[in-house]
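The file model25.txt comes next; it holds compact mmCIF, C-alpha atoms.
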# COMPACT_ATOMS: atom_id res chain seq x y z
CA MET A 1 0.00 0.00 0.00
CA ASP A 2 1.41 3.37 -1.01
CA ARG A 3 0.50 6.88 0.11
CA LEU A 4 -0.18 9.07 -2.93
CA SER A 5 0.96 12.59 -3.70
CA ASN A 6 -1.53 14.20 -6.06
CA THR A 7 -1.68 17.20 -8.37
CA VAL A 8 -4.31 19.93 -8.03
CA ARG A 9 -5.36 21.41 -11.37
CA PRO A 10 -5.97 25.20 -11.38
CA TYR A 11 -8.73 25.45 -13.99
CA ALA A 12 -10.42 28.85 -14.11
CA TRP A 13 -13.83 27.51 -13.03
CA GLY A 14 -12.45 26.01 -9.81
CA SER A 15 -13.32 27.14 -6.31
CA THR A 16 -10.60 29.07 -4.49
CA THR A 17 -11.58 27.64 -1.10
CA ALA A 18 -13.31 24.22 -1.26
CA ILE A 19 -10.29 21.95 -1.75
CA PRO A 20 -8.07 23.94 0.67
CA GLU A 21 -10.81 23.71 3.32
CA LEU A 22 -11.02 19.94 2.89
CA LEU A 23 -7.23 19.55 3.00
CA GLY A 24 -6.82 21.96 5.90
CA THR A 25 -4.47 24.21 3.93
CA ALA A 26 -4.46 27.94 3.35
CA PRO A 27 -6.11 29.15 0.12
CA THR A 28 -3.68 30.59 -2.40
CA GLY A 29 -6.22 32.93 -3.95
CA GLU A 30 -6.03 30.95 -7.19
CA PRO A 31 -8.72 28.49 -8.32
CA GLN A 32 -8.17 24.88 -7.26
CA ALA A 33 -10.51 22.89 -9.47
CA GLU A 34 -9.53 19.21 -9.42
CA MET A 35 -7.19 16.95 -7.47
CA TRP A 36 -6.30 13.94 -9.62
CA MET A 37 -5.69 10.45 -8.23
CA GLY A 38 -4.60 7.80 -10.69
CA ALA A 39 -2.22 7.15 -13.55
CA HIS A 40 -3.49 9.62 -16.16
CA PRO A 41 -0.47 10.81 -18.20
CA GLY A 42 -1.51 14.44 -17.75
CA ALA A 43 -0.89 14.39 -13.99
CA PRO A 44 -0.19 10.92 -12.57
CA SER A 45 -0.17 10.44 -8.82
CA ARG A 46 3.25 9.91 -7.27
CA LEU A 47 4.35 7.44 -4.64
CA ARG A 48 7.49 6.42 -2.80
CA ARG A 49 8.50 2.77 -2.57
CA GLY A 50 11.41 2.01 -0.32
CA HIS A 51 13.07 4.36 2.13
CA ASP A 52 15.87 5.38 -0.21
CA SER A 53 13.94 5.87 -3.42
CA GLY A 54 12.48 9.14 -4.57
CA GLU A 55 8.92 9.63 -5.74
CA GLN A 56 7.80 7.73 -8.82
CA ALA A 57 4.77 8.28 -11.03
CA LEU A 58 2.05 5.69 -10.43
CA SER A 59 1.91 5.27 -14.21
CA ALA A 60 5.58 4.26 -14.26
CA VAL A 61 5.08 1.79 -11.40
CA ILE A 62 2.19 0.16 -13.29
CA ASP A 63 4.13 0.11 -16.57
CA ALA A 64 6.99 -1.73 -14.86
CA ASP A 65 4.77 -4.68 -13.83
CA PRO A 66 1.11 -4.34 -14.86
CA GLU A 67 -0.04 -7.72 -13.59
CA ALA A 68 1.51 -7.26 -10.16
CA GLU A 69 -0.10 -3.83 -9.70
CA LEU A 70 -3.44 -4.33 -11.49
CA GLY A 71 -4.01 -8.08 -11.32
CA ALA A 72 -4.14 -10.49 -14.23
CA ALA A 73 -7.92 -10.27 -14.64
CA ALA A 74 -7.89 -6.46 -14.91
CA VAL A 75 -5.04 -6.54 -17.43
CA ARG A 76 -6.91 -9.08 -19.57
CA LYS A 77 -10.08 -6.98 -19.50
CA PHE A 78 -8.74 -3.41 -19.73
CA GLY A 79 -5.14 -3.74 -20.85
CA PRO A 80 -1.99 -2.82 -18.89
CA ARG A 81 -3.34 0.47 -17.53
CA LEU A 82 -5.42 1.76 -14.65
CA PRO A 83 -8.82 2.21 -16.35
CA PHE A 84 -10.18 4.95 -14.08
CA LEU A 85 -9.29 8.40 -12.79
CA LEU A 86 -10.48 9.51 -9.34
CA LYS A 87 -10.82 13.21 -8.52
CA LEU A 88 -11.83 15.74 -5.95
CA LEU A 89 -13.78 18.28 -8.02
CA ALA A 90 -14.52 21.78 -6.72
CA ALA A 91 -16.67 23.94 -8.99
CA GLY A 92 -16.80 27.63 -8.12
CA SER A 93 -18.45 28.55 -11.41
CA PRO A 94 -20.11 26.56 -14.21
CA LEU A 95 -18.05 24.10 -16.22
CA SER A 96 -18.54 23.74 -19.96
CA LEU A 97 -21.74 22.13 -21.20
CA GLN A 98 -20.53 18.81 -22.61
CA VAL A 99 -21.27 15.26 -23.70
CA HIS A 100 -19.17 12.10 -24.00
CA PRO A 101 -19.18 9.45 -26.75
CA ASP A 102 -19.88 5.78 -26.27
CA LEU A 103 -17.10 3.27 -26.89
CA ALA A 104 -17.96 2.63 -30.55
CA GLN A 105 -18.25 6.37 -31.28
CA ALA A 106 -14.94 7.06 -29.55
CA LYS A 107 -13.11 4.39 -31.56
CA GLU A 108 -14.67 5.58 -34.81
CA GLY A 109 -13.96 9.25 -34.10
CA TYR A 110 -10.40 8.62 -32.97
CA GLU A 111 -9.57 6.51 -36.02
CA ALA A 112 -11.13 9.08 -38.37
CA GLU A 113 -9.08 11.93 -36.91
CA GLU A 114 -5.94 9.78 -37.04
CA ARG A 115 -6.55 9.07 -40.73
CA ARG A 116 -7.01 12.78 -41.41
CA GLY A 117 -3.76 13.52 -39.61
CA VAL A 118 -5.31 15.86 -37.02
CA PRO A 119 -2.57 16.53 -34.43
CA ILE A 120 -3.43 15.03 -31.05
CA ASP A 121 -2.94 18.44 -29.39
CA ALA A 122 -4.87 20.44 -32.00
CA PRO A 123 -7.51 22.67 -30.36
CA HIS A 124 -10.15 21.41 -32.81
CA ARG A 125 -9.40 17.73 -32.16
CA ASN A 126 -12.39 15.94 -30.58
CA TYR A 127 -10.98 12.50 -29.79
CA LYS A 128 -7.73 12.28 -27.83
CA ASP A 129 -8.06 8.51 -27.44
CA ALA A 130 -10.26 5.58 -28.46
CA ASN A 131 -12.02 5.16 -25.13
CA HIS A 132 -15.39 6.20 -23.77
CA LYS A 133 -15.75 8.43 -20.70
CA PRO A 134 -18.66 7.50 -18.43
CA GLU A 135 -18.42 9.29 -15.10
CA LEU A 136 -19.96 9.53 -11.65
CA ILE A 137 -20.04 12.57 -9.38
CA CYS A 138 -20.79 12.12 -5.67
CA ALA A 139 -21.54 15.27 -3.67
CA LEU A 140 -19.53 16.11 -0.56
CA THR A 141 -21.36 19.44 -0.19
CA PRO A 142 -24.62 20.62 -1.76
CA PHE A 143 -23.82 20.31 -5.46
CA ASP A 144 -25.64 21.92 -8.41
CA GLY A 145 -25.59 20.67 -11.97
CA LEU A 146 -27.39 20.15 -15.24
CA CYS A 147 -28.07 16.63 -16.50
CA GLY A 148 -30.01 15.37 -19.53
CA PHE A 149 -32.86 16.96 -21.45
CA ARG A 150 -35.96 18.22 -19.72
CA ALA A 151 -39.28 17.20 -21.30
CA PRO A 152 -39.94 19.51 -24.30
CA GLU A 153 -43.25 20.83 -22.95
CA ALA A 154 -41.63 21.78 -19.63
CA THR A 155 -38.84 23.58 -21.48
CA ALA A 156 -41.37 25.34 -23.68
CA GLU A 157 -43.13 26.64 -20.56
CA LEU A 158 -39.83 27.81 -19.08
CA LEU A 159 -38.78 29.69 -22.23
CA GLU A 160 -42.27 31.15 -22.69
CA ARG A 161 -42.14 32.74 -19.24
CA LEU A 162 -39.10 34.75 -20.31
CA ASP A 163 -41.25 36.51 -22.96
CA VAL A 164 -38.32 36.99 -25.35
CA ASP A 165 -39.47 37.30 -28.98
CA SER A 166 -36.45 35.52 -30.45
CA LEU A 167 -37.13 32.46 -28.25
CA LYS A 168 -40.75 32.07 -29.38
CA PRO A 169 -39.91 29.95 -32.47
CA TYR A 170 -38.15 27.49 -30.13
CA VAL A 171 -41.23 27.40 -27.90
CA ASP A 172 -43.47 26.63 -30.87
CA PHE A 173 -41.16 23.91 -32.18
CA LEU A 174 -40.87 22.22 -28.80
CA ARG A 175 -44.66 21.98 -28.65
CA ALA A 176 -45.34 21.02 -32.24
CA HIS A 177 -42.91 18.15 -32.87
CA PRO A 178 -42.07 14.74 -31.41
CA GLU A 179 -39.56 14.72 -28.59
CA GLU A 180 -36.42 13.68 -30.45
CA ALA A 181 -37.03 15.99 -33.41
CA ALA A 182 -37.93 18.90 -31.16
CA LEU A 183 -34.83 18.60 -28.97
CA ARG A 184 -32.51 18.08 -31.94
CA GLU A 185 -33.93 20.98 -33.93
CA VAL A 186 -33.84 23.47 -31.06
CA LEU A 187 -30.31 22.57 -29.90
CA THR A 188 -29.10 22.75 -33.52
CA ALA A 189 -30.75 26.13 -34.01
CA VAL A 190 -29.23 27.53 -30.82
CA LEU A 191 -25.70 26.38 -31.64
CA THR A 192 -25.77 27.42 -35.32
CA ALA A 193 -27.51 30.80 -34.95
CA ASP A 194 -25.80 34.00 -36.03
CA PRO A 195 -23.39 34.76 -33.14
CA ASP A 196 -24.42 38.40 -32.79
CA GLU A 197 -28.12 37.61 -32.90
CA MET A 198 -27.71 34.80 -30.37
CA ALA A 199 -25.65 37.02 -28.07
CA ALA A 200 -28.49 39.55 -28.09
CA THR A 201 -31.00 36.78 -27.33
CA VAL A 202 -28.88 35.54 -24.44
CA THR A 203 -28.55 39.04 -23.03
CA GLU A 204 -32.30 39.63 -23.20
CA ALA A 205 -33.10 36.20 -21.76
CA ALA A 206 -30.63 36.69 -18.90
CA ALA A 207 -32.17 40.05 -18.01
CA ALA A 208 -35.66 38.49 -17.99
CA ALA A 209 -34.42 35.57 -15.87
CA ASP A 210 -32.90 38.02 -13.40
CA ARG A 211 -36.22 39.85 -13.07
CA LEU A 212 -38.18 36.62 -12.59
CA GLY A 213 -35.74 34.99 -10.11
CA GLY A 214 -36.84 31.75 -8.46
CA ASP A 215 -36.14 28.74 -10.65
CA PHE A 216 -34.34 30.98 -13.15
CA ALA A 217 -31.54 31.70 -10.66
CA PRO A 218 -29.16 29.00 -12.00
CA TYR A 219 -29.38 30.44 -15.52
CA VAL A 220 -28.72 33.96 -14.26
CA SER A 221 -25.51 32.66 -12.69
CA ILE A 222 -24.54 30.83 -15.89
CA ALA A 223 -25.17 33.95 -17.99
CA HIS A 224 -23.12 36.03 -15.56
CA HIS A 225 -20.10 33.79 -16.12
CA TYR A 226 -20.67 33.32 -19.87
CA PRO A 227 -22.33 36.50 -21.22
CA GLY A 228 -23.67 36.09 -24.73
CA ASP A 229 -22.75 32.40 -24.95
CA PRO A 230 -25.31 30.22 -26.80
CA GLY A 231 -24.69 27.59 -24.13
CA VAL A 232 -26.83 29.71 -21.79
CA ILE A 233 -29.91 28.91 -23.89
CA ALA A 234 -28.76 25.31 -24.44
CA ALA A 235 -28.54 24.97 -20.65
CA MET A 236 -32.24 25.84 -20.38
CA LEU A 237 -33.05 22.66 -22.31
CA LEU A 238 -31.58 20.53 -19.51
CA ASN A 239 -32.71 19.33 -16.11
CA TYR A 240 -31.40 21.33 -13.19
CA VAL A 241 -30.44 19.05 -10.30
CA GLN A 242 -29.31 19.72 -6.74
CA LEU A 243 -27.44 16.90 -5.01
CA GLN A 244 -27.21 16.66 -1.25
CA PRO A 245 -24.04 15.26 0.38
CA GLY A 246 -23.79 11.54 -0.31
CA GLU A 247 -26.01 11.67 -3.42
CA ALA A 248 -24.53 11.02 -6.84
CA LEU A 249 -25.18 11.25 -10.58
CA PHE A 250 -24.03 8.74 -13.18
CA LEU A 251 -23.41 10.33 -16.58
CA GLY A 252 -23.40 7.88 -19.46
CA ALA A 253 -22.68 8.39 -23.13
CA GLY A 254 -24.65 10.98 -25.06
CA VAL A 255 -26.06 12.77 -22.01
CA PRO A 256 -25.43 16.55 -22.06
CA HIS A 257 -24.41 17.86 -18.67
CA ALA A 258 -22.53 20.54 -16.75
CA TYR A 259 -21.47 20.99 -13.15
CA LEU A 260 -22.32 24.39 -11.71
CA ASN A 261 -21.18 24.62 -8.10
CA GLY A 262 -20.04 22.44 -5.22
CA LEU A 263 -17.45 19.92 -4.04
CA GLY A 264 -17.60 16.25 -4.93
CA VAL A 265 -15.74 13.02 -5.54
CA GLU A 266 -15.68 12.24 -9.25
CA ILE A 267 -14.64 9.01 -10.93
CA MET A 268 -14.46 8.38 -14.66
CA ALA A 269 -13.08 6.08 -17.27
CA ASN A 270 -9.54 7.17 -18.11
CA SER A 271 -10.30 9.18 -21.25
CA ASP A 272 -10.11 12.78 -22.47
CA ASN A 273 -12.93 12.59 -25.01
CA VAL A 274 -15.28 15.57 -24.60
CA LEU A 275 -17.66 17.16 -27.11
CA ARG A 276 -18.66 20.64 -25.97
CA CYS A 277 -22.05 22.34 -26.35
CA GLY A 278 -21.13 25.80 -25.04
CA LEU A 279 -20.16 27.72 -21.90
CA THR A 280 -16.55 27.63 -23.06
CA PRO A 281 -14.12 29.46 -25.34
CA LYS A 282 -12.96 26.04 -26.60
CA HIS A 283 -13.91 24.50 -29.93
CA VAL A 284 -17.55 23.42 -30.39
CA ASP A 285 -17.88 20.92 -33.25
CA VAL A 286 -21.63 21.09 -33.84
CA PRO A 287 -21.94 18.34 -36.50
CA GLU A 288 -19.94 15.84 -34.42
CA LEU A 289 -21.77 16.87 -31.26
CA LEU A 290 -25.14 16.23 -32.89
CA ARG A 291 -23.92 12.77 -33.95
CA ILE A 292 -23.33 11.62 -30.39
CA VAL A 293 -25.99 13.43 -28.32
CA ARG A 294 -28.94 11.28 -27.27
CA PHE A 295 -32.02 13.39 -27.89
CA GLU A 296 -34.30 11.92 -25.27
CA ALA A 297 -35.86 13.52 -22.22
CA ALA A 298 -35.32 11.85 -18.86
CA GLU A 299 -35.33 12.80 -15.21
CA PRO A 300 -31.84 12.77 -13.68
CA GLY A 301 -31.33 9.48 -11.88
CA VAL A 302 -30.00 10.53 -8.48
CA LEU A 303 -28.06 7.66 -6.89
CA ARG A 304 -27.87 6.90 -3.21
CA PRO A 305 -25.41 4.34 -1.86
CA GLU A 306 -26.63 0.82 -1.22
CA ALA A 307 -25.42 -0.56 2.13
CA SER A 308 -24.07 -4.09 2.58
CA PRO A 309 -23.40 -6.22 5.70
CA THR A 310 -19.68 -5.50 5.32
CA GLY A 311 -20.26 -1.77 5.84
CA GLU A 312 -19.52 -0.93 2.22
CA GLU A 313 -21.96 1.53 0.63
CA LEU A 314 -21.93 1.05 -3.15
CA TYR A 315 -22.93 3.43 -5.93
CA GLU A 316 -24.33 1.09 -8.58
CA THR A 317 -23.36 1.89 -12.19
CA PRO A 318 -23.72 -0.09 -15.43
CA ILE A 319 -20.05 -0.04 -16.48
CA ASP A 320 -16.93 -1.95 -15.41
CA GLU A 321 -14.07 0.56 -15.74
CA PHE A 322 -14.81 1.88 -12.28
CA ARG A 323 -16.66 0.95 -9.12
CA LEU A 324 -17.12 3.57 -6.39
CA SER A 325 -18.16 2.90 -2.81
CA ARG A 326 -17.62 4.43 0.60
CA TYR A 327 -17.13 3.38 4.20
CA ALA A 328 -18.43 5.42 7.13
CA LEU A 329 -16.14 4.26 9.94
CA ALA A 330 -17.65 4.74 13.40
CA PRO A 331 -15.68 5.00 16.67
CA GLY A 332 -14.98 1.58 18.15
CA ALA A 333 -16.11 -0.36 15.08
CA GLU A 334 -14.27 -3.45 13.91
CA PRO A 335 -11.69 -2.90 11.14
CA ARG A 336 -12.99 -3.38 7.60
CA ASP A 337 -11.13 -5.77 5.31
CA VAL A 338 -11.06 -4.24 1.81
CA THR A 339 -8.56 -6.61 0.22
CA ALA A 340 -9.38 -7.21 -3.46
CA ALA A 341 -7.96 -8.94 -6.52
CA THR A 342 -8.21 -5.61 -8.36
CA PRO A 343 -6.32 -2.31 -8.01
CA GLN A 344 -7.77 0.22 -5.57
CA ILE A 345 -7.46 3.86 -4.57
CA LEU A 346 -8.73 4.74 -1.10
CA LEU A 347 -9.57 8.40 -0.47
CA CYS A 348 -10.37 9.94 2.91
CA THR A 349 -12.92 12.77 2.93
CA ALA A 350 -13.53 13.12 6.70
CA GLY A 351 -11.96 12.12 10.01
CA THR A 352 -8.60 10.43 10.57
CA PRO A 353 -9.02 6.78 9.56
CA GLN A 354 -6.16 4.37 8.96
CA ALA A 355 -5.49 2.30 5.85
CA ASN A 356 -3.31 -0.49 7.23
CA ASP A 357 -0.71 1.51 9.18
CA ILE A 358 -1.09 4.71 7.13
CA GLU A 359 -3.07 7.44 8.87
CA LEU A 360 -5.19 9.46 6.49
CA ALA A 361 -6.48 13.00 6.79
CA PRO A 362 -9.19 14.53 4.57
CA GLY A 363 -7.90 14.55 1.00
CA GLY A 364 -5.33 11.84 1.76
CA SER A 365 -5.23 8.79 -0.48
CA VAL A 366 -3.41 5.50 -1.02
CA PHE A 367 -2.93 3.08 -3.90
CA VAL A 368 -3.48 -0.60 -3.12
CA ALA A 369 -2.05 -3.10 -5.60
CA ALA A 370 -4.20 -6.04 -6.65
CA GLY A 371 -4.23 -8.78 -4.02
CA GLU A 372 -2.48 -6.66 -1.40
CA LYS A 373 -3.88 -6.95 2.12
CA ALA A 374 -5.87 -3.81 2.94
CA GLU A 375 -7.77 -2.89 6.08
CA LEU A 376 -9.60 0.25 7.17
CA SER A 377 -9.89 1.24 10.81
CA GLY A 378 -10.39 4.28 13.00
CA THR A 379 -13.00 6.97 12.47
CA GLY A 380 -13.94 8.82 9.29
CA THR A 381 -15.21 8.46 5.73
CA VAL A 382 -13.25 6.65 3.02
CA PHE A 383 -14.18 6.33 -0.64
CA ARG A 384 -13.01 3.18 -2.40
CA ALA A 385 -12.36 3.18 -6.14
CA THR A 386 -11.69 -0.02 -8.05
CA VAL A 387 -12.84 -1.92 -11.16
CA VAL A 388 -15.19 -4.78 -12.02
CA VAL A 389 -13.60 -7.87 -13.60
Could the structure of this file be written out as structure tokens, please?
Amino acid sequence: MDRLSNTVRPYAWGSTTAIPELLGTAPTGEPQAEMWMGAHPGAPSRLRRGHDSGEQALSAVIDADPEAELGAAAVRKFGPRLPFLLKLLAAGSPLSLQVHPDLAQAKEGYEAEERRGVPIDAPHRNYKDANHKPELICALTPFDGLCGFRAPEATAELLERLDVDSLKPYVDFLRAHPEEAALREVLTAVLTADPDEMAATVTEAAAAADRLGGDFAPYVSIAHHYPGDPGVIAAMLLNYVQLQPGEALFLGAGVPHAYLNGLGVEIMANSDNVLRCGLTPKHVDVPELLRIVRFEAAEPGVLRPEASPTGEELYETPIDEFRLSRYALAPGAEPRDVTAATPQILLCTAGTPQANDIELAPGGSVFVAAGEKAELSGTGTVFRATVVV
């Protein structure tokens, strides 16, 4: 078992205080958006093995002996790599509105861009790899987000209340056409409109939302951070969801979403494939986006952990690249055996529990190689990330 040193990413949308408060460190005044735990090449965790050795990247440790670190079953199923990335995510302002491809779409898109010779670091490149990117966000504080399309009639009512002339054709279309056609047509129209005309629409809609208040408050905040961005209107097509601590959202392929505010534990398949719908200065590839979005209305499926006799509380998801659970360790409770034949990352979010003989504080984490004896004791909350084989 190895204590991890992890990198905090300073993305502009990050909170300046949430991660420092959890870690018990002084804020720097700069945004601290994500703390990465895993073997992603962009910022792999580091560990120290042996008293005389310096820190090594977890990715390098895995590369040196994949089966010893990941287990033979995981290597057979996912290849010689850690298939998930675990994060602390702290949103101080809205992230980009985005959607992820499924596995077949990712492979097809990646191969097509490779054939065209699109540089992997080109700003207009959509597919950095051939993998899909399902993800799960579990709230540590009240957490606001957008997830999936709202029913067209409900969106029509919302837009109608703004009483903005340039939105009225969208209202009519949402009411006059079947669900899939209505959602596709309106999102396409918003993202392909004349930029100046759409900026004026966004400005007028934001002013109306500000006057109305109430359930328009999230969109006022979005418009404040992204004035004139067509993503503000696109966001109004989606369900607004508020998670309470311990609740989670699973975000599968084709589901448009954005995180707005709050601190959470996020886990995802180890991929960088993102198609953006707005709320960003980055490239928005509308034709490719429309190819992978699932135009279907659905209520956000809020997940709550399912308890087991072992004390593990599992967040059920339909994919195998990651499995997230948590342990609430009470004073005086028996130690919990978490030994597994798969690789694990254990992350403390509260208290001062112990993983074997390593004492953890909030934000502290360890990597557990496949088959290595692992036990949790003491008092606190520990999230457990692993895979399904």
task: Compute the distance from (-22.1, 14.2, -23.2) to each atom, counting all atoms listed in the file, keep the residues with any atom at most 9 Å away, and return them as an MDAnalysis selection string; use the coordinates of the file.
output: chainID A and resid 97:101 133:134 148 251:257 274:277 289 292:294
Distance query A:Gly14 at most 12 Å, all atoms listed in the file, self and fewer than 6 positions along chain excluded, as a PDB file with C-alpha atoms, in the coordinates of the input:
ATOM      1  CA  VAL A   8      -4.310  19.930  -8.030  1.00  0.00           C
ATOM      2  CA  PRO A  20      -8.070  23.940   0.670  1.00  0.00           C
ATOM      3  CA  GLY A  29      -6.220  32.930  -3.950  1.00  0.00           C
ATOM      4  CA  GLU A  30      -6.030  30.950  -7.190  1.00  0.00           C
ATOM      5  CA  PRO A  31      -8.720  28.490  -8.320  1.00  0.00           C
ATOM      6  CA  GLN A  32      -8.170  24.880  -7.260  1.00  0.00           C
ATOM      7  CA  ALA A  33     -10.510  22.890  -9.470  1.00  0.00           C
ATOM      8  CA  GLU A  34      -9.530  19.210  -9.420  1.00  0.00           C
ATOM      9  CA  MET A  35      -7.190  16.950  -7.470  1.00  0.00           C
ATOM     10  CA  LEU A  88     -11.830  15.740  -5.950  1.00  0.00           C
ATOM     11  CA  LEU A  89     -13.780  18.280  -8.020  1.00  0.00           C
ATOM     12  CA  ALA A  90     -14.520  21.780  -6.720  1.00  0.00           C
ATOM     13  CA  ALA A  91     -16.670  23.940  -8.990  1.00  0.00           C
ATOM     14  CA  GLY A  92     -16.800  27.630  -8.120  1.00  0.00           C
ATOM     15  CA  SER A  93     -18.450  28.550 -11.410  1.00  0.00           C
ATOM     16  CA  PRO A  94     -20.110  26.560 -14.210  1.00  0.00           C
ATOM     17  CA  LEU A  95     -18.050  24.100 -16.220  1.00  0.00           C
ATOM     18  CA  TYR A 259     -21.470  20.990 -13.150  1.00  0.00           C
ATOM     19  CA  LEU A 260     -22.320  24.390 -11.710  1.00  0.00           C
ATOM     20  CA  ASN A 261     -21.180  24.620  -8.100  1.00  0.00           C
ATOM     21  CA  GLY A 262     -20.040  22.440  -5.220  1.00  0.00           C
ATOM     22  CA  LEU A 263     -17.450  19.920  -4.040  1.00  0.00           C
TER      23      LEU A 263
END
task: Give the answer as one residue: which of A:Glu316, A:Asp172, A:Asp357, A:Asp2 has the shortest atom-to-atom distance to A:Ser377, using all atoms listed in the file?
output: A:Asp357
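The gap separating atom CA of A:Pro305 from atom CA of A:Glu372 is 25.4 Å, in Å to one decimal.
The two atoms in question, atom CA of A:Thr16 and atom CA of A:Gly228, are spaced 25.1 Å apart.
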query: Near A:Glu334, within 10 Å and counting all atoms listed in the file, which residues show up once chain neighbours fewer than 2 positions away are dropped, as an NGL selection string?
result: :A and (329-332 or 336-337 or 376-378)
field: A:Leu324 environment, 8 Å, all atoms listed in the file, sequence neighbours closer than 4 positions dropped, as number ranges by chain
entry: A: 267, 314-316, 383-386
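Of the residues listed (A:Lys87, A:Lys373, A:Lys77, A:Arg3), A:Arg3 shows the shortest atom-to-atom separation from A:Leu47; distances use all atoms listed in the file.
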query: Can you tell me, as a ChimeraX atom specification, what residues are no more than 12 Å from A:Asn239 when counting all atoms listed in the file, ignoring any on the same chain fewer than 4 positions away?
result: /A:144-152,154-155,158,215,218-219,234-235,255-259,296-302
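Across the model, the gap from atom CA of A:Ile137 to atom CA of A:Pro27 is 23.6 Å.
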Would you compute, for all listed atoms of stretch 326-330 of chain A, the axis-aligned bounding box grown by 8 Å on each side, and then report its centre and edge lengths in Å rounded to one decimal, as lines of an AutoDock Vina configuration file?
center_x = -17.3
center_y = 4.4
center_z = 7.0
size_x = 18.3
size_y = 18.0
size_z = 28.8
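Counting only C-alpha atoms and comparing A:His40, A:Arg115, A:Arg326, A:Arg46, the residue that lies closest to A:Phe84 is A:His40.
Nearest residue to A:Ala223 among A:Gly117, A:Pro169, A:Gly42, A:Gly278 is A:Gly278, counting only C-alpha atoms.
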